[in-house]
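**Q** Structure supplied as work_7.cif; contents: mmCIF, C-alpha atoms.
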```cif
data_coords
#
loop_
_atom_site.label_atom_id
_atom_site.label_comp_id
_atom_site.auth_asym_id
_atom_site.auth_seq_id
_atom_site.Cartn_x
_atom_site.Cartn_y
_atom_site.Cartn_z
CA ALA H 1 14.09 21.70 3.41
CA ARG H 2 12.03 19.73 0.90
CA CYS H 3 8.30 19.68 0.18
CA ALA H 4 6.13 16.70 -0.83
CA ALA H 5 2.50 16.75 -2.03
CA GLY H 6 0.08 13.94 -1.19
CA TYR H 7 -3.21 12.32 -2.13
CA ASP H 8 -4.21 12.66 1.55
CA ARG H 9 -5.05 16.35 0.89
CA THR H 10 -1.91 17.55 2.65
CA ALA H 11 1.61 18.61 1.82
CA ARG H 12 4.54 18.13 4.15
CA ILE H 13 7.83 19.94 4.63
CA TRP H 14 10.80 17.74 5.46
CA SER H 15 14.31 18.38 6.68
CA ALA H 16 16.74 17.44 3.92
CA GLU H 17 19.39 16.70 6.56
CA THR H 18 17.52 14.59 9.11
CA GLY H 19 14.39 13.44 7.25
CA ALA H 20 12.21 14.83 10.01
CA CYS H 21 8.80 16.27 9.15
CA LEU H 22 8.95 19.99 9.91
CA ALA H 23 5.36 20.95 9.12
CA SER H 24 2.13 19.53 7.72
CA LEU H 25 0.07 21.80 5.46
CA VAL H 26 -3.61 21.04 5.97
CA GLY H 27 -6.43 22.95 4.29
CA HIS H 28 -7.06 21.72 0.74
CA GLY H 29 -10.38 20.06 0.01
CA ASP H 30 -8.94 17.45 -2.33
CA GLU H 31 -5.64 15.80 -3.20
CA VAL H 32 -2.56 18.01 -3.46
CA ASN H 33 -0.96 17.52 -6.87
CA ALA H 34 2.16 19.68 -6.72
CA CYS H 35 4.17 21.94 -4.45
CA ALA H 36 6.99 24.44 -4.76
CA LEU H 37 9.35 25.81 -2.12
CA CYS H 38 10.98 29.24 -2.24
CA GLY H 39 12.78 30.56 0.81
CA ASP H 40 10.34 30.62 3.72
CA ARG H 41 7.23 30.09 1.58
CA VAL H 42 5.56 27.04 0.06
CA ALA H 43 2.96 26.95 -2.73
CA THR H 44 0.62 24.00 -3.20
CA ALA H 45 -1.74 23.10 -6.06
CA SER H 46 -4.81 20.94 -5.66
CA THR H 47 -7.61 19.09 -7.41
CA ASP H 48 -9.95 21.41 -5.47
CA ALA H 49 -9.04 24.06 -8.14
CA THR H 50 -7.15 26.28 -5.69
CA ALA H 51 -3.52 27.00 -4.95
CA LYS H 52 -2.34 27.99 -1.49
CA ILE H 53 0.72 29.80 -0.19
CA TRP H 54 2.02 28.84 3.25
CA ARG H 55 4.77 29.77 5.69
CA ALA H 56 7.40 27.06 5.51
CA ASP H 57 8.63 27.56 9.08
CA THR H 58 5.24 27.34 10.81
CA GLY H 59 2.90 25.75 8.26
CA ALA H 60 0.55 28.73 8.59
CA LEU H 61 -1.65 29.54 5.60
CA ASP H 62 -0.99 32.94 4.00
CA LEU H 63 -3.13 32.99 0.84
CA THR H 64 -5.62 30.96 -1.17
CA LEU H 65 -5.57 31.60 -4.92
CA CYS H 66 -8.97 31.11 -6.58
CA GLY H 67 -9.72 31.53 -10.26
CA HIS H 68 -9.08 28.28 -12.11
CA ALA H 69 -12.14 26.33 -13.25
CA GLU H 70 -10.64 22.85 -12.87
CA SER H 71 -7.87 20.99 -11.03
CA ILE H 72 -4.49 22.71 -10.66
CA ILE H 73 -1.69 20.24 -11.38
CA GLY H 74 1.43 22.42 -11.52
CA VAL H 75 2.82 25.33 -9.51
CA ALA H 76 6.09 27.29 -9.56
CA PHE H 77 7.62 30.37 -7.97
CA SER H 78 9.53 32.99 -9.92
CA PRO H 79 13.26 33.22 -9.05
CA THR H 80 12.71 35.96 -6.46
CA GLY H 81 9.54 34.40 -5.09
CA ARG H 82 7.47 37.48 -5.96
CA ARG H 83 5.24 35.62 -8.41
CA VAL H 84 3.56 32.24 -8.50
CA VAL H 85 2.51 30.46 -11.71
CA THR H 86 -0.19 27.78 -11.72
CA ALA H 87 -1.02 25.20 -14.42
CA SER H 88 -4.51 23.77 -14.67
CA MET H 89 -6.67 21.18 -16.37
CA ASP H 90 -8.85 24.09 -17.54
CA CYS H 91 -6.24 24.56 -20.33
CA THR H 92 -4.82 27.77 -18.85
CA ALA H 93 -1.96 28.92 -16.69
CA LYS H 94 -2.16 31.94 -14.39
CA ILE H 95 0.42 34.31 -12.93
CA TRP H 96 -0.23 35.62 -9.41
CA ASP H 97 1.34 38.15 -7.07
CA ALA H 98 2.72 35.93 -4.30
CA ALA H 99 2.43 38.67 -1.67
CA THR H 100 -1.17 39.75 -2.27
CA GLY H 101 -2.73 36.85 -4.20
CA ARG H 102 -3.79 39.18 -7.00
CA LEU H 103 -4.19 37.60 -10.43
CA GLU H 104 -1.73 39.28 -12.81
CA ALA H 105 -2.28 37.39 -16.08
CA THR H 106 -4.05 34.40 -17.61
CA LEU H 107 -2.11 32.46 -20.26
CA GLU H 108 -4.37 30.79 -22.81
CA GLY H 109 -3.68 28.98 -26.04
CA HIS H 110 -3.10 25.32 -25.24
CA ASP H 111 -5.65 22.88 -26.70
CA ASP H 112 -5.58 20.52 -23.71
CA GLU H 113 -4.78 20.60 -20.01
CA VAL H 114 -1.72 22.54 -18.92
CA THR H 115 0.39 20.04 -17.02
CA ASP H 116 3.29 22.07 -15.63
CA CYS H 117 4.83 25.52 -15.52
CA ALA H 118 8.16 27.17 -14.76
CA HIS H 119 9.25 30.79 -14.25
CA ALA H 120 12.67 32.18 -15.17
CA ARG H 121 13.56 35.85 -14.77
CA THR H 122 11.91 37.00 -18.01
CA ARG H 123 10.26 33.81 -19.26
CA VAL H 124 7.39 31.56 -18.25
CA ALA H 125 7.09 28.08 -19.73
CA THR H 126 3.94 25.96 -19.87
CA THR H 127 3.64 22.32 -20.90
CA SER H 128 0.50 20.59 -22.06
CA ALA H 129 -1.22 17.34 -22.91
CA ASP H 130 -1.57 18.84 -26.41
CA THR H 131 2.15 17.83 -26.90
CA THR H 132 3.40 21.43 -27.09
CA VAL H 133 5.39 23.76 -24.88
CA LYS H 134 4.81 27.51 -24.86
CA LEU H 135 7.28 30.21 -23.88
CA TRP H 136 5.90 33.53 -22.66
CA ILE H 137 7.77 36.82 -22.24
CA VAL H 138 7.21 38.55 -18.92
CA PRO H 139 8.86 41.56 -17.28
CA PRO H 140 11.74 40.69 -14.93
CA ASP H 141 10.27 39.31 -11.74
CA ASP H 142 12.22 41.92 -9.79
CA ALA H 143 10.75 44.81 -11.84
CA ARG H 144 8.97 47.35 -9.68
CA ASP H 145 7.52 49.89 -12.12
CA LEU H 146 4.92 47.90 -14.05
CA VAL H 147 2.15 49.61 -15.97
CA VAL H 148 -1.36 48.65 -14.87
CA ARG H 149 -3.34 47.54 -17.92
CA PRO H 150 -6.96 46.50 -18.41
CA ALA H 151 -7.59 42.86 -17.66
CA ARG H 152 -7.16 40.52 -20.60
CA THR H 153 -6.28 36.96 -21.40
CA VAL H 154 -2.96 36.42 -23.12
CA GLY H 155 -2.29 33.82 -25.76
CA ASP H 156 -2.87 32.46 -29.21
CA PRO H 157 -6.55 31.43 -29.38
CA PRO H 158 -7.03 27.73 -30.10
CA HIS H 159 -8.99 26.74 -33.20
CA GLY H 160 -9.68 30.33 -34.22
CA ALA H 161 -11.38 31.33 -30.98
CA THR H 162 -11.04 34.85 -29.63
CA ALA H 163 -8.48 35.55 -26.90
CA THR H 164 -10.90 35.62 -24.01
CA SER H 165 -11.50 33.25 -21.15
CA ARG H 166 -13.52 30.23 -22.21
CA PRO H 167 -16.29 29.24 -19.78
CA ARG H 168 -15.71 25.78 -18.38
CA ARG H 169 -17.55 23.58 -16.00
CA GLY H 170 -15.52 22.60 -12.99
CA ARG H 171 -14.74 23.17 -9.35
CA GLY H 172 -13.71 26.79 -9.66
CA THR H 173 -15.48 29.57 -7.81
CA PRO H 174 -16.11 32.40 -10.31
CA GLN H 175 -17.34 34.73 -7.58
CA HIS H 176 -13.77 34.78 -6.24
CA GLN H 177 -12.00 35.30 -9.56
CA GLN H 178 -9.81 38.40 -9.62
CA HIS H 179 -9.87 39.83 -13.16
CA GLN H 180 -9.91 43.54 -12.32
CA GLN H 181 -6.35 44.29 -13.42
CA GLN H 182 -3.49 42.75 -15.30
CA LEU H 183 -0.34 44.05 -13.68
CA VAL H 184 2.20 42.37 -15.93
CA PRO H 185 2.32 42.76 -19.72
CA VAL H 186 2.81 39.24 -21.08
CA GLU H 187 3.43 38.11 -24.66
CA LEU H 188 3.54 34.67 -26.22
CA ALA H 189 7.09 34.25 -27.53
CA THR H 190 6.89 30.88 -29.27
CA THR H 191 5.32 27.45 -29.29
CA LEU H 192 7.80 24.56 -29.12
CA ARG H 193 6.79 21.50 -31.12
CA GLY H 194 8.64 18.22 -31.31
CA HIS H 195 7.25 15.90 -28.65
CA LYS H 196 4.90 13.20 -29.92
CA ALA H 197 2.94 12.70 -26.70
CA PRO H 198 1.76 14.85 -23.77
CA VAL H 199 4.49 16.94 -22.15
CA PHE H 200 4.36 16.54 -18.39
CA ARG H 201 7.22 18.53 -16.83
CA CYS H 202 9.51 21.46 -17.52
CA THR H 203 12.35 23.25 -15.77
CA PHE H 204 14.59 26.18 -16.66
CA ALA H 205 18.36 26.23 -16.31
CA ARG H 206 19.47 28.54 -13.53
CA ASP H 207 20.28 31.34 -16.00
CA GLY H 208 16.99 30.88 -17.86
CA ALA H 209 18.73 30.32 -21.20
CA ARG H 210 17.66 26.70 -21.62
CA LEU H 211 14.50 24.74 -20.89
CA ALA H 212 14.23 20.99 -20.32
CA THR H 213 10.94 19.15 -20.95
CA ALA H 214 9.81 15.59 -20.18
CA SER H 215 7.17 13.79 -22.23
CA GLY H 216 5.10 10.65 -22.45
CA ASP H 217 6.88 9.90 -25.74
CA HIS H 218 9.76 8.45 -23.65
CA THR H 219 12.02 11.42 -24.34
CA ALA H 220 13.23 14.59 -22.69
CA LYS H 221 14.29 17.58 -24.75
CA ILE H 222 16.50 20.60 -24.08
CA TRP H 223 15.47 23.83 -25.81
CA ASP H 224 17.02 27.23 -26.37
CA ALA H 225 14.78 29.44 -24.24
CA ALA H 226 16.43 32.72 -25.20
#
```
Show me this structure written as structure tokens.

**A**
Amino acid sequence: ARCAAGYDRTARIWSAETGACLASLVGHGDEVNACALCGDRVATASTDATAKIWRADTGALDLTLCGHAESIIGVAFSPTGRRVVTASMDCTAKIWDAATGRLEATLEGHDDEVTDCAHARTRVATTSADTTVKLWIVPPDDARDLVVRPARTVGDPPHGATATSRPRRGRGTPQHQQHQQQLVPVELATTLRGHKAPVFRCTFARDGARLATASGDHTAKIWDAA
């Protein structure tokens, strides 16, 4: 099956063999910017500042992820499907528990909108309009014994700011933000510099050892992600 996101506020799941539409995902309040498919689940990201997780076989809505302050323009599952990463125009990325919808970490440090994200077994990548790519170290997505830590924002603060969430005006709903706990210890591994224009997309190799990025500077780059 394949998933496609649309400006008509829906996403659709299609049969890769026949081209038939298997399900329509209706529920976002604005255009759907990105989608990701993992097994029997689909994640969608929208300009309405939410992400949603759906059942791929029925199109039923499982979870709505609230916490970003502006449009979400990238979404990715971890290899096992246990986590979802979202990338937002509020200059942050967030890691969520895909089963419960609990916010596990906020990744901050980019100076402009975060355009895309990818999750390998022990790495998360984020791309940004600030022309950089960041690699974050996370516990294996199949780890079961994670230490619960006090909530915090992870990253290198831009322009000397402190590593805390920056208030932003946008479509987010702060009353629904879930900052009680950070369940995954995350560290910024490195910032990749080399593109000369906004970086729009990223994807890991299957083994997570390499990362490919695509940029508005008319180039793509392959990086050592280890």

**Q** Give one line per residue of range 45-163 of chain H that approaches range 3-12 of chain H to at most 9 Å, naming the two atoms of the closest pair and their distance in Å to one decimal, counting only C-alpha atoms; sort by chain then ascending residue number and deliver it as JSON lines.

**A**
```
{"residue": "H:Ala45", "atom": "CA", "partner": "H:Ala5", "partner_atom": "CA", "distance": 8.6}
{"residue": "H:Ser46", "atom": "CA", "partner": "H:Arg9", "partner_atom": "CA", "distance": 8.0}
{"residue": "H:Gly59", "atom": "CA", "partner": "H:Arg12", "partner_atom": "CA", "distance": 8.8}
```

**Q** Please, what distance in Å, to one decimal, runs between CA of Trp96 in chain H and CA of Glu187 in chain H?

**A** 15.9 Å

**Q** Using the chain letters and numbering of this document, enumerate as an mmCIF file with C-alpha atoms, in the coordinates of the input the residues selected by the PyMOL selection byres ((chain H and resi 216) around 9).

**A**
```
data_model
loop_
_atom_site.group_PDB
_atom_site.id
_atom_site.type_symbol
_atom_site.label_atom_id
_atom_site.label_comp_id
_atom_site.auth_asym_id
_atom_site.auth_seq_id
_atom_site.Cartn_x
_atom_site.Cartn_y
_atom_site.Cartn_z
ATOM 1 C CA THR H 131 2.150 17.830 -26.900
ATOM 2 C CA HIS H 195 7.250 15.900 -28.650
ATOM 3 C CA LYS H 196 4.900 13.200 -29.920
ATOM 4 C CA ALA H 197 2.940 12.700 -26.700
ATOM 5 C CA PRO H 198 1.760 14.850 -23.770
ATOM 6 C CA VAL H 199 4.490 16.940 -22.150
ATOM 7 C CA PHE H 200 4.360 16.540 -18.390
ATOM 8 C CA ALA H 214 9.810 15.590 -20.180
ATOM 9 C CA SER H 215 7.170 13.790 -22.230
ATOM 10 C CA ASP H 217 6.880 9.900 -25.740
ATOM 11 C CA HIS H 218 9.760 8.450 -23.650
ATOM 12 C CA THR H 219 12.020 11.420 -24.340
#
```

**Q** Measuring atom to atom with all atoms listed in the file, identify which of H:Arg193, H:His28, H:Lys134, H:Arg82 is nearest to Asp116 in chain H.

**A** H:Lys134

**Q** Report, in Å with one decimal, the straight-line distance from CA of Ile73 in chain H to CA of Pro139 in chain H.

**A**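 Separation of CA of Ile73 in chain H and CA of Pro139 in chain H: 24.5 Å.
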
**Q** Written as a ChimeraX atom specification, which residues does the PyMOL selection byres ((chain H and resi 121-130) around 7) give for the file shown?

**A** /H:78-79,110-120,131-141,198-202,208
